[in-house]
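Data from coords_26.cif: mmCIF, C-alpha atoms
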```
data_target
loop_
_atom_site.label_atom_id
_atom_site.label_comp_id
_atom_site.auth_asym_id
_atom_site.auth_seq_id
_atom_site.Cartn_x
_atom_site.Cartn_y
_atom_site.Cartn_z
CA MET A 10 56.37 -28.60 11.37
CA LEU A 11 56.85 -27.15 7.90
CA GLY A 12 58.37 -23.69 7.90
CA ARG A 13 60.27 -21.99 10.67
CA HIS A 14 60.87 -23.30 14.15
CA ILE A 15 58.19 -22.66 16.78
CA GLU A 16 59.11 -22.94 20.45
CA PHE A 17 57.87 -26.16 22.04
CA LYS A 18 55.74 -24.47 24.73
CA VAL A 19 54.04 -22.25 22.15
CA LEU A 20 53.38 -25.25 19.92
CA GLU A 21 52.15 -27.33 22.86
CA ASN A 22 49.72 -24.60 23.96
CA ARG A 23 48.33 -24.25 20.44
CA MET A 24 47.90 -28.03 20.04
CA GLN A 25 46.12 -28.15 23.40
CA GLN A 26 43.73 -25.42 22.21
CA MET A 27 43.04 -27.22 18.92
CA TRP A 28 42.75 -30.81 20.11
CA ALA A 29 42.23 -31.04 23.89
CA GLN A 30 38.45 -30.57 23.69
CA LYS A 31 38.35 -34.12 22.30
CA GLY A 32 40.25 -35.57 25.29
CA ILE A 33 43.64 -35.23 26.92
CA ILE A 34 46.74 -35.07 24.73
CA ASN A 35 50.39 -35.56 25.60
CA ILE A 36 53.11 -34.11 23.37
CA ILE A 37 56.73 -35.28 23.18
CA ASP A 38 59.38 -33.36 21.24
CA LEU A 39 61.31 -35.93 19.17
CA GLY A 40 63.70 -33.34 17.73
CA GLN A 41 64.14 -31.95 14.20
CA GLU A 42 60.59 -30.51 14.26
CA PHE A 43 58.95 -33.92 14.83
CA PHE A 44 56.51 -34.45 17.72
CA LEU A 45 54.71 -37.47 19.08
CA VAL A 46 51.17 -36.72 20.24
CA THR A 47 49.18 -39.29 22.18
CA PHE A 48 45.43 -39.03 22.74
CA THR A 49 43.21 -40.41 25.49
CA SER A 50 40.35 -40.83 23.03
CA GLU A 51 40.11 -42.29 19.54
CA GLU A 52 37.75 -39.43 18.68
CA GLY A 53 40.51 -36.92 19.47
CA GLN A 54 43.05 -38.78 17.36
CA GLU A 55 40.64 -39.06 14.44
CA PHE A 56 39.85 -35.34 14.74
CA ALA A 57 43.56 -34.42 14.59
CA LEU A 58 44.20 -36.72 11.63
CA MET A 59 41.18 -36.04 9.48
CA GLU A 60 39.64 -32.71 10.40
CA GLY A 61 42.78 -30.85 9.40
CA SER A 62 43.18 -32.91 6.24
CA TRP A 63 46.62 -33.99 7.43
CA SER A 64 47.84 -30.45 8.01
CA TRP A 65 47.00 -27.65 10.42
CA MET A 66 48.00 -24.00 10.52
CA ILE A 67 49.84 -22.84 13.62
CA TYR A 68 50.84 -19.17 13.52
CA ASP A 69 51.08 -19.17 9.70
CA HIS A 70 53.11 -22.40 9.59
CA TYR A 71 52.05 -25.87 8.62
CA LEU A 72 51.86 -28.75 11.05
CA THR A 73 51.63 -31.99 9.10
CA VAL A 74 49.90 -34.83 10.95
CA ARG A 75 50.12 -38.54 10.22
CA ASP A 76 49.65 -41.86 11.97
CA TRP A 77 52.59 -43.21 13.95
CA ARG A 78 54.85 -45.60 12.05
CA ASP A 79 56.60 -48.43 13.87
CA ASN A 80 60.39 -48.10 14.03
CA PHE A 81 60.20 -44.37 13.31
CA CYS A 82 63.69 -42.91 12.87
CA LEU A 83 64.35 -39.19 12.42
CA ALA A 84 67.32 -39.86 10.14
CA ARG A 85 65.36 -41.86 7.55
CA ASP A 86 61.66 -41.00 7.92
CA ALA A 87 61.36 -37.81 5.91
CA ILE A 88 57.96 -36.47 4.97
CA GLU A 89 57.25 -38.08 1.62
CA GLU A 90 53.54 -37.38 1.38
CA LEU A 91 51.52 -34.28 2.08
CA ALA A 92 47.86 -33.35 1.80
CA ILE A 93 47.34 -30.29 -0.37
CA TRP A 94 44.28 -28.47 -1.60
CA VAL A 95 44.08 -28.32 -5.39
CA ARG A 96 41.92 -25.83 -7.26
CA ILE A 97 41.10 -26.44 -10.89
CA TYR A 98 39.61 -23.44 -12.66
CA GLY A 99 37.51 -23.45 -15.80
CA LEU A 100 36.02 -26.95 -15.69
CA PRO A 101 32.57 -27.24 -17.27
CA ILE A 102 29.80 -27.97 -14.77
CA GLU A 103 29.25 -31.47 -16.18
CA TYR A 104 32.75 -32.35 -14.91
CA TYR A 105 31.57 -31.79 -11.33
CA ASP A 106 30.82 -35.50 -11.26
CA ASN A 107 32.28 -38.26 -9.09
CA SER A 108 33.71 -40.22 -12.03
CA VAL A 109 35.44 -37.17 -13.54
CA LEU A 110 36.70 -35.98 -10.14
CA SER A 111 38.05 -39.50 -9.48
CA TYR A 112 39.85 -39.40 -12.82
CA ILE A 113 41.41 -36.04 -11.92
CA VAL A 114 42.48 -37.22 -8.48
CA ASP A 115 44.01 -40.41 -9.90
CA GLN A 116 46.34 -38.28 -12.04
CA ILE A 117 47.50 -36.25 -9.05
CA GLY A 118 47.39 -38.47 -5.94
CA LYS A 119 44.85 -39.91 -3.48
CA THR A 120 41.62 -38.25 -2.38
CA VAL A 121 41.51 -36.96 1.19
CA LYS A 122 38.45 -34.68 0.88
CA VAL A 123 36.28 -33.05 -1.73
CA ASP A 124 35.14 -29.53 -0.91
CA LYS A 125 31.45 -29.32 0.02
CA ASN A 126 30.81 -26.57 -2.57
CA THR A 127 32.32 -28.79 -5.27
CA LEU A 128 30.14 -31.76 -4.31
CA THR A 129 26.94 -29.73 -4.18
CA ARG A 130 27.87 -27.55 -7.19
CA ALA A 131 27.08 -24.54 -5.01
CA LYS A 132 30.04 -22.65 -6.49
CA ILE A 133 31.47 -23.57 -9.84
CA LYS A 134 34.27 -21.04 -10.14
CA TYR A 135 36.68 -23.92 -9.47
CA VAL A 136 36.83 -27.53 -8.32
CA ARG A 137 38.49 -27.83 -4.91
CA LEU A 138 39.99 -31.16 -3.84
CA CYS A 139 42.23 -32.12 -0.95
CA ILE A 140 44.69 -34.65 -2.31
CA GLN A 141 47.51 -36.61 -0.73
CA VAL A 142 50.54 -36.22 -3.00
CA ASN A 143 53.89 -37.94 -3.04
CA LEU A 144 56.59 -35.28 -2.66
CA MET A 145 59.15 -37.63 -4.22
CA LYS A 146 57.33 -37.40 -7.58
CA LEU A 147 56.87 -34.41 -9.87
CA LEU A 148 53.60 -32.53 -9.39
CA LEU A 149 51.23 -32.36 -12.35
CA ALA A 150 51.56 -29.08 -14.28
CA MET A 151 48.74 -29.65 -16.78
CA LEU A 152 45.54 -31.64 -16.79
CA SER A 153 43.86 -33.21 -19.85
CA ILE A 154 40.22 -34.25 -19.76
CA LYS A 155 38.37 -35.48 -22.86
CA GLY A 156 40.85 -33.78 -25.18
CA HIS A 157 40.77 -30.41 -23.39
CA HIS A 158 43.96 -29.20 -21.74
CA TYR A 159 43.80 -27.30 -18.47
CA LYS A 160 47.18 -25.63 -18.22
CA ASP A 161 47.79 -22.80 -15.77
CA THR A 162 44.36 -23.54 -14.30
CA VAL A 163 45.56 -25.92 -11.62
CA THR A 164 46.52 -24.17 -8.40
CA CYS A 165 47.98 -26.10 -5.47
CA LEU A 166 47.64 -24.71 -1.99
CA ILE A 167 48.81 -26.26 1.22
CA LYS A 168 45.88 -26.09 3.62
CA THR A 169 43.86 -22.93 2.99
#
```
Translate this file's structure into structure tokens.
Amino acid sequence: MLGRHIEFKVLENRMQQMWAQKGIINIIDLGQEFFLVTFTSEEGQEFALMEGSWSWMIYDHYLTVRDWRDNFCLARDAIEELAIWVRIYGLPIEYYDNSVLSYIVDQIGKTVKVDKNTLTRAKIKYVRLCIQVNLMKLLLAMLSIKGHHYKDTVTCLIKT
């Protein structure tokens, strides 16, 4: 959990509401706001991991989801990566192209999702990309594409 503490029972009930329709889940409190969730179906696990783009909102707080790592240890396994939504305002419509979007993502992190409106060019007010970023590195403050600088046009949001 990112943000304030949420009581285990409240969190468990909310997770059940979000994910149980895809099978049965079991939740174990590991301490320090880490939880182990097991699923009876691969479909349920995939839904939890990908549908929320690695993070879910629970009562205005972020629940970050990731695959289990062997030898997980609370003392050393801090959250180093996070999926965030990035909005880039003011890009010309010809930049709404897979090669340009890949170039942008490569400067910031790894692609998790591209917003449907961005892909279809249904709305061109901004490009919206969900990107996995490394929290141990500085986030990009300015973007340069073909000699044009996009400063103060990049907005990062954690799961909107």
*Apply the PyMOL selection byres ((chain A and resi 31-38) around 8) to the file shown and report the selected residues as a PyMOL selection string.*
chain A and resi 17+21+25+28-30+39-40+42-50+52-53+56
*So what does the PyMOL selection byres ((chain A and resi 84) around 12) actually pick up in this one, as a list in words?*
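Selected by the PyMOL selection byres ((chain A and resi 84) around 12) here: Leu39, Gly40, Gln41, Phe43, Asn80, Phe81, Cys82, Leu83, Arg85, Asp86, Ala87 and Ile88 of chain A.
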*asked:* Running the PyMOL selection byres ((chain A and resi 130) around 12) on this model by hand, what would come out? Give it as a ChimeraX atom specification.
replied: /A:100-107,123-129,131-137
*Length of the atom CA of Leu20 of chain A to atom CA of Trp94 of chain A vector [Å]*: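 Between atom CA of Leu20 of chain A and atom CA of Trp94 of chain A the gap is 23.6 Å.
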Could you give me, as CSV, every segment 91-110 of chain A residue with an atom at most 12 Å from segment 70-77 of chain A, plus its closest atom pair and distance in Å to one decimal, counting all atoms listed in the file, rows ordered by chain then number?
```
residue,atom,partner,partner_atom,distance
A:Leu91,CA,A:Thr73,CA,7.4
A:Ala92,CA,A:Thr73,CA,8.3
A:Ile93,CA,A:Thr73,CA,10.5
```
_Ranking A:Ile117, A:Met59, A:Met24, A:Val19 by minimum distance to Ala150 of chain A and counting all atoms listed in the file, which one comes first?_
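Among the listed residues, the smallest separation from Ala150 of chain A belongs to A:Ile117.
Across the structure, atom CA of Ile140 of chain A and atom CA of Val109 of chain A are spaced 14.8 Å apart.
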*Return the single residue from A:Leu58, A:Val121, A:Met66, A:Val114 that is closest to Leu149 of chain A, with distances computed using only C-alpha atoms.*
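Closest to Leu149 of chain A of all the choices is A:Val114.
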Which centre and which edge lengths, in Å to one decimal, describe the axis-aligned box that holds all listed atoms of segment 106-120 of chain A after 4 Å is added on each side, as AutoDock Vina command-line options?
```
--center_x 39.2 --center_y -38.0 --center_z -8.0 --size_x 24.7 --size_y 12.9 --size_z 19.2
```
